[in-house]
Amino acid sequence: MAKQDYYSTLGVAKDADLETLKKAYRKLAMQYHPDRNHGDAAAEQKFKELSEAYDVLKDDQKRAAYDRFGHAAFENGNGRGGPAGFDFTASGFADIFDEMFGEFMGGRRGGQSRARGGDLRYNMEITLEEAFAGKQATIRVPGTEPCVACHGTGGEKGTQPVNCPTCRGHGKVRATQGFFTIERTCASCGGLGKVIEKPCPACHGQGRTAKDKTLQVTIPAGVEDGTRIRLAGEGEAGVRSAPSGDLYIFLSVKQHRLFQRDGANVHCRVPLSMATAALGGGIEIPTIDGSRAKVQVPPGTQTGQQFRLKGKGMSVLRTNARGDMYAEIVVETPVNLSKKQKELLQQFQDESKTHGSSSPEADSFFQRVKEFFGKDEG
């Protein structure tokens, strides 16, 4: 039975670029992967065909040979059913995940990128005012740097790494497991493909040494609790001149004694004396930028009433905009009254009975209570 055209197998055009090939393979490989189709021989065969097609077409040289000669380009291979010098393996499926998720996981499998330096995390606590205005911070982090003695090579001066005898410089070893040939990172060289015969005495062959470093960090205005800042290349140095990892700064914002943040808005609880709430008047309240704002409280202001101060809230990240501030009134009941104050309040209460109530909400509530119990009695 004639083999299906590799482009047709993946469902792509012959001029498809590598990204299109990658997307097509990933979608179909996920669909037909043996782990998702236990015991389905047809799905297993389809997965094999997909991996074979992708492994040829993603390689420029193999693809050029295939475009010119078709399947005949590989018929004089090693008799394993795949192109010359190529075994059908599960590595194709692993490659696509390495390409798409390798950096997130700290470097791709195998090869020198596996020796990429580790990422570091630094926890920083800032105030709400600093989150509003932004700041420049100096931090000191423990880490590693390329070895000065060997310039990051890991070997003694004048020596060079040699091919790993286990993997012969490939960084990977193969093991057959039933139908599949699985590629694994070489344990002898850690995937580097090279080994050091004479390690550098300063770094013991690692190509890096421990050293704290001081960094300047810019905290932008408007950051929120949990914001993560990435400093590329400021993590641990890689093994034997491999790329350095990254430094991630995780921000936490302290609770403020006056303000509560809600996204870009700020809320402030403002206690108000009973007299001011009843008579009205002007009050001054603080704002997050350190200034004062005047608020005119109308007579008869009640607890829970809010006053909006437009543009007096938090900075909005990466813009010049600001949120709003909401001042919530809490009318405070007088305590520790003098004899004279008690007499005046009693006089006020007596006057209220004569000239009409000054507490309409309370009167309305107790009237409804009276009606409620009146119905029960009836």
# chains A, B, ... in the order shown; residues from 1 in each chain; ligands from 1
>>> residues_around(residues="Gln216 of chain A", least_positions_apart="6", cutoff="8 Å", atoms="only C-alpha atoms", output="list in words")
Gln136, Ala137, Thr138 and Ile139 of chain A
>>> residues_around(residues="Gly311 of chain A", least_positions_apart="5", cutoff="12 Å", atoms="only C-alpha atoms", output="PyMOL selection string")
chain A and resi 264-266+287-289+293+316+320-326
>>> closest_residue(among="A:Lys46, A:Arg208, A:Lys339, A:His256", to="Arg116 of chain A", atoms="only C-alpha atoms")
A:Arg208
>>> decode(residues="segment 34-48 of chain A", atoms="all heavy atoms", output="mmCIF file, in the first residue's frame")
data_model
loop_
_atom_site.group_PDB
_atom_site.id
_atom_site.type_symbol
_atom_site.label_atom_id
_atom_site.label_comp_id
_atom_site.auth_asym_id
_atom_site.auth_seq_id
_atom_site.Cartn_x
_atom_site.Cartn_y
_atom_site.Cartn_z
ATOM 1 N N PRO A 34 -1.300 7.674 21.544
ATOM 2 C CA PRO A 34 -1.689 6.389 22.146
ATOM 3 C C PRO A 34 -2.227 6.509 23.566
ATOM 4 O O PRO A 34 -3.074 5.717 23.971
ATOM 5 C CB PRO A 34 -0.379 5.588 22.116
ATOM 6 C CG PRO A 34 0.372 6.152 20.961
ATOM 7 C CD PRO A 34 0.053 7.614 20.947
ATOM 8 N N ASP A 35 -1.745 7.485 24.328
ATOM 9 C CA ASP A 35 -2.245 7.643 25.698
ATOM 10 C C ASP A 35 -3.711 8.013 25.734
ATOM 11 O O ASP A 35 -4.389 7.808 26.745
ATOM 12 C CB ASP A 35 -1.425 8.711 26.429
ATOM 13 C CG ASP A 35 -0.019 8.231 26.745
ATOM 14 O OD1 ASP A 35 0.216 7.017 26.620
ATOM 15 O OD2 ASP A 35 0.832 9.074 27.094
ATOM 16 N N ARG A 36 -4.205 8.597 24.640
ATOM 17 C CA ARG A 36 -5.625 8.967 24.571
ATOM 18 C C ARG A 36 -6.470 7.930 23.831
ATOM 19 O O ARG A 36 -7.685 8.076 23.746
ATOM 20 C CB ARG A 36 -5.774 10.319 23.866
ATOM 21 C CG ARG A 36 -5.218 11.485 24.651
ATOM 22 C CD ARG A 36 -5.649 12.789 24.009
ATOM 23 N NE ARG A 36 -5.357 13.927 24.857
ATOM 24 C CZ ARG A 36 -5.789 15.161 24.629
ATOM 25 N NH1 ARG A 36 -6.542 15.409 23.565
ATOM 26 N NH2 ARG A 36 -5.485 16.152 25.443
ATOM 27 N N ASN A 37 -5.806 6.931 23.270
ATOM 28 C CA ASN A 37 -6.520 5.924 22.470
ATOM 29 C C ASN A 37 -5.994 4.526 22.805
ATOM 30 O O ASN A 37 -5.434 3.822 21.956
ATOM 31 C CB ASN A 37 -6.332 6.207 20.967
ATOM 32 C CG ASN A 37 -6.830 7.573 20.548
ATOM 33 O OD1 ASN A 37 -7.989 7.756 20.246
ATOM 34 N ND2 ASN A 37 -5.917 8.542 20.545
ATOM 35 N N HIS A 38 -6.142 4.148 24.054
ATOM 36 C CA HIS A 38 -5.621 2.863 24.507
ATOM 37 C C HIS A 38 -6.239 1.708 23.704
ATOM 38 O O HIS A 38 -7.462 1.596 23.588
ATOM 39 C CB HIS A 38 -5.921 2.663 25.996
ATOM 40 C CG HIS A 38 -5.217 3.648 26.878
ATOM 41 N ND1 HIS A 38 -3.872 3.604 27.112
ATOM 42 C CD2 HIS A 38 -5.695 4.729 27.572
ATOM 43 C CE1 HIS A 38 -3.528 4.583 27.910
ATOM 44 N NE2 HIS A 38 -4.609 5.292 28.204
ATOM 45 N N GLY A 39 -5.357 0.864 23.144
ATOM 46 C CA GLY A 39 -5.822 -0.313 22.428
ATOM 47 C C GLY A 39 -6.324 -0.054 21.024
ATOM 48 O O GLY A 39 -6.773 -0.985 20.346
ATOM 49 N N ASP A 40 -6.259 1.185 20.560
ATOM 50 C CA ASP A 40 -6.740 1.523 19.220
ATOM 51 C C ASP A 40 -5.559 1.459 18.256
ATOM 52 O O ASP A 40 -4.747 2.383 18.170
ATOM 53 C CB ASP A 40 -7.359 2.926 19.233
ATOM 54 C CG ASP A 40 -8.060 3.256 17.919
ATOM 55 O OD1 ASP A 40 -7.721 2.642 16.890
ATOM 56 O OD2 ASP A 40 -8.936 4.150 17.921
ATOM 57 N N ALA A 41 -5.468 0.347 17.509
ATOM 58 C CA ALA A 41 -4.338 0.148 16.605
ATOM 59 C C ALA A 41 -4.317 1.178 15.482
ATOM 60 O O ALA A 41 -3.255 1.627 15.041
ATOM 61 C CB ALA A 41 -4.380 -1.270 16.022
ATOM 62 N N ALA A 42 -5.505 1.580 15.003
ATOM 63 C CA ALA A 42 -5.579 2.556 13.924
ATOM 64 C C ALA A 42 -5.047 3.911 14.373
ATOM 65 O O ALA A 42 -4.322 4.590 13.629
ATOM 66 C CB ALA A 42 -7.024 2.685 13.429
ATOM 67 N N ALA A 43 -5.402 4.317 15.595
ATOM 68 C CA ALA A 43 -4.913 5.593 16.126
ATOM 69 C C ALA A 43 -3.404 5.540 16.328
ATOM 70 O O ALA A 43 -2.689 6.518 16.061
ATOM 71 C CB ALA A 43 -5.620 5.923 17.444
ATOM 72 N N GLU A 44 -2.894 4.390 16.784
ATOM 73 C CA GLU A 44 -1.461 4.230 16.986
ATOM 74 C C GLU A 44 -0.700 4.351 15.666
ATOM 75 O O GLU A 44 0.352 4.997 15.589
ATOM 76 C CB GLU A 44 -1.197 2.875 17.640
ATOM 77 C CG GLU A 44 0.238 2.685 18.117
ATOM 78 C CD GLU A 44 0.396 1.395 18.895
ATOM 79 O OE1 GLU A 44 0.087 1.391 20.103
ATOM 80 O OE2 GLU A 44 0.814 0.400 18.286
ATOM 81 N N GLN A 45 -1.254 3.744 14.616
ATOM 82 C CA GLN A 45 -0.632 3.825 13.305
ATOM 83 C C GLN A 45 -0.673 5.251 12.766
ATOM 84 O O GLN A 45 0.303 5.745 12.190
ATOM 85 C CB GLN A 45 -1.348 2.871 12.329
ATOM 86 C CG GLN A 45 -0.809 2.906 10.909
ATOM 87 C CD GLN A 45 0.649 2.463 10.809
ATOM 88 O OE1 GLN A 45 1.134 1.703 11.649
ATOM 89 N NE2 GLN A 45 1.357 2.953 9.793
ATOM 90 N N LYS A 46 -1.809 5.929 12.991
ATOM 91 C CA LYS A 46 -1.935 7.312 12.541
ATOM 92 C C LYS A 46 -0.925 8.207 13.246
ATOM 93 O O LYS A 46 -0.299 9.080 12.632
ATOM 94 C CB LYS A 46 -3.358 7.812 12.827
ATOM 95 C CG LYS A 46 -3.624 9.244 12.381
ATOM 96 C CD LYS A 46 -3.582 9.402 10.874
ATOM 97 C CE LYS A 46 -4.008 10.799 10.459
ATOM 98 N NZ LYS A 46 -3.917 11.011 9.000
ATOM 99 N N PHE A 47 -0.750 7.986 14.552
ATOM 100 C CA PHE A 47 0.215 8.774 15.317
ATOM 101 C C PHE A 47 1.633 8.560 14.784
ATOM 102 O O PHE A 47 2.433 9.488 14.681
ATOM 103 C CB PHE A 47 0.142 8.399 16.797
ATOM 104 C CG PHE A 47 1.114 9.136 17.670
ATOM 105 C CD1 PHE A 47 0.910 10.466 17.994
ATOM 106 C CD2 PHE A 47 2.254 8.510 18.163
ATOM 107 C CE1 PHE A 47 1.796 11.159 18.791
ATOM 108 C CE2 PHE A 47 3.151 9.191 18.952
ATOM 109 C CZ PHE A 47 2.920 10.522 19.277
ATOM 110 N N LYS A 48 1.932 7.311 14.422
ATOM 111 C CA LYS A 48 3.242 6.996 13.847
ATOM 112 C C LYS A 48 3.452 7.743 12.537
ATOM 113 O O LYS A 48 4.520 8.334 12.307
ATOM 114 C CB LYS A 48 3.351 5.492 13.616
ATOM 115 C CG LYS A 48 4.628 5.069 12.874
ATOM 116 C CD LYS A 48 4.640 3.573 12.633
ATOM 117 C CE LYS A 48 5.862 3.172 11.805
ATOM 118 N NZ LYS A 48 5.916 1.723 11.534
#
